[in-house]
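Peer 1: First the structure, which I've put down as structure tokens, then a few questions once you've had a look.
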Amino acid sequence: MSSDVLSTTVGGVLSTAVVDAELPLDDPRALAALSLIWREARLLDAKRYEEWDTLWAEGGEYVVPIDPETTDFAGSLNLMYDNDRMRRMRIERLTGGLSISATAAARTVRSVSRFTVAARDESEDSIEICSAQVVVGYKRGETFVLAADLTHRIAFAGDGPRIVRKIVRLINSEDAVTASGFLL
Amino acid sequence: MTVSPEVPDIAALVEDDRVAGTLYTGPELFELEMDRIFHRTWVWVAHESEIAKAGDFKTAWVGRRPVIVSRDRRGGINVLLNRCRHRGASVCDVPKGNGNGFTCPYHAWSYALDGTLRGIPYPEGYENVTEKKDLPLQRLKVGTYAGMIFASFNDEIEPLEDFLGGARLWIDRFMKQGAGFPIKVQGEHKFRFQGNWKIQLENTTDWYHFPIVHRSWMSSVDAETASMLSIMTDESAVTHALGNGHSVSVSVAEHVDLDVDDGSEKLQDRFSHVIEELSKDLPPERVRRIVRSLHGAGFNLNLFPNVAMSMSFFRVLRPISVAETEIRHVALGLDGGPEIVNRERLRIHEHFQGPFGFGSPDDAEAWNRVQRGVTGGADMPILVNRGLGREKPNDLGQPTSHATDETGMREAYAMWKRMMTDVK
């Protein structure tokens with residue numbers, strides 16, 4: 001499948017439809033993006049949130065939607081819909097010691113895999129990677145699993161790859177999702 | 001009904017100032033609660049905006065029984081047990097939708113939106129055995145007030161308006177946050193905690209916990225919003241017991257009746273972009289009326305046993321087991337109102353509510369701790385005596401105290417005791 005097909009946009013938003021793209025191993029930007037996503041997973045498991053924040057481009061959008069189909073995040077109720085300000089306040093909340101749920105947060109180990117390139121935008125110098133994330137959490141004698149489809153849009157302008165948009169589509173987003181004091 | 005020998009003297013479990021810890025942990029008490037409270041009283045199932053059009057339906061729960069709430073072709077609201085009359089399969093498996101009726105996937109018995117049995121495939125085997133008219137989906141009694149839909153398995157139940165009683169004034173006030181527009185549901189957050197349902201029931205009119213549990217949320221909002229909720233030292237923050245287990249606690253006295261505005265309140269700077277946008281089309285007084293309502297009503301209203309109207313959202317509890325409860329936080333908006341207002345309300349809701357909000361996870365952590373801790377001292381009571389010495393009747397005769405006092409919990413437990421010991 002050619003990258004022309006993959007970069008189809010829907011209403012100005014990069015399509016979140018399933019695409020059967022292979023990972024182009026000959027594209028150094030794809031590898032750099034993967035490397036960033038793996039690093040992100042490690043920082044989130046380690047709860048190194050200040051460091052995690054440096055992976056983001058200014059103006060980055062971080063969304064955990066409820067509606068599995070929606071691309072209109074602003075017009076929908078989401079589990080999370082963060083701009084820079086909200087994301088930084090969230091980091092403060094998770095690290096500041098004032099939140100009892102963050103203090104007692106679950107420990108997590110996550111795998112990110114099944115990478116595909118959903119879009120390559122030459123003019124904006126960005127790439128969109130879809131992947132699967134499985135988070136295993138542990139808190140107070142209980143082990144639980146959360147699974148999600150991730151979409152990262154990563155831009156290469158400036159000093160290296162940065163996340164400009166991350167969408168986390170939990171497979172159970174419309175059902176009860178239990179809070180455990182960590183990030184997806 | 002026969003009380004099993006394991007159940008202790010229920011009346012002795014609830015005193016005026018304390019309740020037994022076993023109220024959170026006794027599985028036999030939980031079973032009795034389902035029978036004597038959830039399957040006998042009025043239970044909230046939906047808001048009318050969720051089934052606005054003919055054919056709209058949603059699924060819900062009355063206690064542990066699954067139901068469908070539907071709008072039929074004549075505009076009538078039906079609450080139906082989600083159980084086929086043939087062999088018991090659920091006839092609706094999606095949370096919401098629009099259709100002509102419900103067909104059981106097992107043998108295709110089909111039911112109309114009002115539960116009437118319309119069709120039995122291959123009816124030959126039922127000649128002289130079964131009449132369709134005898135086998136509709138079980139219909140619950142339905143009551144509505146101000147767009148709130150309640151249902152009951154109890155055909156003998158008192159009228160909904162009588163049950164709501166002193167809470168009706170506050171429901172009417174709550175709906176004024178529409179600023180002239182009807183209220184509509186804009187989505188919901190859903191999460192569970194490992195604890196008994198009554199722990200959440202208590203929490204809605206417990207302002208005592210707020211500045212402690214929600215320190216991280218308080219530090220994340222602007223000073224104006226935080227000071228608006230300076231409850232601990234605000235003498236106008238009061239709580240009233242409203243009868244029948246219902247209670248209300250006021251957090252922002254100047255927002256109790258949003259139609260009343262003495263003009264002294266400065267609109268919050270955080271909404272300047274909303275004010276600017278609305279001012280293009282609306283006169284200043286209309287803009288002011290809408291913006292003053294953005295945080296919702298200035299109080300939390302708790303309706304026994306399963307729904308609260310909490311500032312700008314509905315808070316619905318569903319008992320799963322004695323030690324597990326599901327919570328839904330239903331976001332509200334203005335039906336036909338300005339889009340920027342509804343979006344701002346979504347962002348406010350996301351900021352506090354749900355499993356990744358800045359508030360709900362801390363509530364859930366506290367509630368989980370209650371359930372864990374209470375098992376450690378089976379003989380020790382749960383105290384609900386805060387403010388007992390300063391509680392006085394208001395001019396309606398309703399027990400009234402400070403918003404941080406436990407007047408609402410005492411009211412809820414008095415109702416619990418009344419319903420649990422009334423076994424006629």
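The chains in the structure tokens are called A, B, ... from first to last as shown; in each chain the residues are counted from 1, and the ligands are counted from 1 in the order shown.
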Any idea what's packed within 8 Å of range 244-246 of chain B, counting only C-alpha atoms, ignoring anything in its chain fewer than 3 positions away? Could you give it as a list of chain:residue names?

Peer 2: B:Phe163, B:Leu164, B:Gly165, B:Ala167, B:Ala241, B:Leu301, B:Asn302, B:Leu303, B:Phe304, B:Pro305, B:Gly408, B:Glu411, B:Ala412, B:Tyr413, B:Ala414, B:Met415, B:Trp416

Peer 1: Report as a tab-separated table: every residue of range 127-152 of chain A with an atom at most 12 Å from range 50-66 of chain A, its closest pair of atoms, and their distance in Å to one decimal, counting only C-alpha atoms, with rows sorted by chain and ascending residue number.

Peer 2:
residue	atom	partner	partner_atom	distance
A:Ala148	CA	A:Val64	CA	9.7
A:Asp149	CA	A:Val64	CA	10.3
A:Leu150	CA	A:Val64	CA	9.5
A:Thr151	CA	A:Val63	CA	9.9
A:His152	CA	A:Tyr62	CA	9.5

Peer 1: Which residues of chain A have any atom within 12 Å of an atom in chain B when counting only C-alpha atoms, and what is the closest pair of atoms for each, with the distance in Å to one decimal? Order the rows by chain and rising number and write it as a tab-separated table.

Peer 2:
residue	atom	partner	partner_atom	distance
A:Val63	CA	B:Phe356	CA	11.0
A:Val64	CA	B:Phe356	CA	9.1
A:Pro65	CA	B:His189	CA	10.7
A:Ile66	CA	B:His189	CA	8.2
A:Asp67	CA	B:Gly187	CA	9.3
A:Asp72	CA	B:Arg343	CA	11.3
A:Phe73	CA	B:Arg343	CA	10.0
A:Ala74	CA	B:Arg343	CA	6.8
A:Gly75	CA	B:Arg343	CA	6.1
A:Ser76	CA	B:Leu346	CA	7.3
A:Leu77	CA	B:Gly187	CA	5.7
A:Asn78	CA	B:Glu350	CA	6.6
A:Leu79	CA	B:Phe356	CA	6.0
A:Met80	CA	B:Phe356	CA	6.4
A:Tyr81	CA	B:Glu350	CA	7.4
A:Asp82	CA	B:His351	CA	9.2
A:Asn83	CA	B:Arg347	CA	11.0
A:Arg85	CA	B:Ser220	CA	10.1
A:Met86	CA	B:His351	CA	8.4
A:Arg87	CA	B:His351	CA	10.9
A:Arg88	CA	B:Ser220	CA	9.9
A:Met89	CA	B:Ser220	CA	6.2
A:Arg90	CA	B:Phe358	CA	7.7
A:Ile91	CA	B:Ser220	CA	10.6
A:Glu92	CA	B:Ser220	CA	8.4
A:Arg93	CA	B:Ser216	CA	5.7
A:Leu94	CA	B:Ser216	CA	8.8
A:Thr95	CA	B:Ser216	CA	10.2
A:Gly96	CA	B:Ser216	CA	8.0
A:Gly97	CA	B:Ser216	CA	8.2
A:Leu98	CA	B:Ser216	CA	5.0
A:Ser99	CA	B:Ser216	CA	5.2
A:Ile100	CA	B:Asp362	CA	5.7
A:Ser101	CA	B:Asp362	CA	5.0
A:Ala102	CA	B:Asp362	CA	8.0
A:Thr103	CA	B:Asp362	CA	9.8
A:Ala104	CA	B:Glu365	CA	8.2
A:Ala105	CA	B:Glu365	CA	9.6
A:Ala106	CA	B:Glu365	CA	11.4
A:Lys139	CA	B:Glu365	CA	11.4
A:Arg140	CA	B:Arg372	CA	10.4
A:Glu142	CA	B:Gln194	CA	11.3
A:Asn172	CA	B:Lys190	CA	10.5
A:Ser173	CA	B:Lys190	CA	8.9
A:Glu174	CA	B:Lys190	CA	7.7
A:Asp175	CA	B:Lys190	CA	6.5
A:Ala176	CA	B:Phe191	CA	4.3
A:Val177	CA	B:Phe191	CA	4.9
A:Thr178	CA	B:Phe191	CA	5.0
A:Ala179	CA	B:Pro355	CA	4.3
A:Ser180	CA	B:Pro361	CA	7.2
A:Gly181	CA	B:Pro361	CA	7.0
A:Phe182	CA	B:Phe356	CA	8.4
A:Leu183	CA	B:Phe356	CA	8.2
A:Leu184	CA	B:Phe356	CA	9.7

Peer 1: Show me, as a list in words, the residues that have an atom within 12 Å of Arg42 in chain A when counting only C-alpha atoms, minus same-chain residues fewer than 2 positions from it.

Peer 2: Ser35, Leu36, Ile37, Trp38, Arg39, Glu40, Leu44, Asp45, Ala46, Lys47, Arg48, Tyr49, Glu51, Trp52, Thr108, Val109, Arg110, Ser111, Val112, Val135, Leu183 and Leu184 of chain A

Peer 1: For the atom pair CA of Arg318 in chain B and CA of Leu13 in chain B, what is the interatomic distance in Å to one decimal place?

Peer 2: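 About the pair CA of Arg318 in chain B and CA of Leu13 in chain B: they are 22.7 Å apart.
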
Peer 1: Tell me, in Å to one decimal, how far CA of Leu140 in chain B is from CA of Lys58 in chain B.

Peer 2: 14.8 Å

Peer 1: Among range 105-351 of chain B, which ones does DSSP assign to alpha helix (DSSP H) (computed from the backbone)? Answer as a PyMOL selection string.

Peer 2: chain B and resi 160-164+168-175+197-203+210-213+215-220+223-228+272-279+284-292+339-351
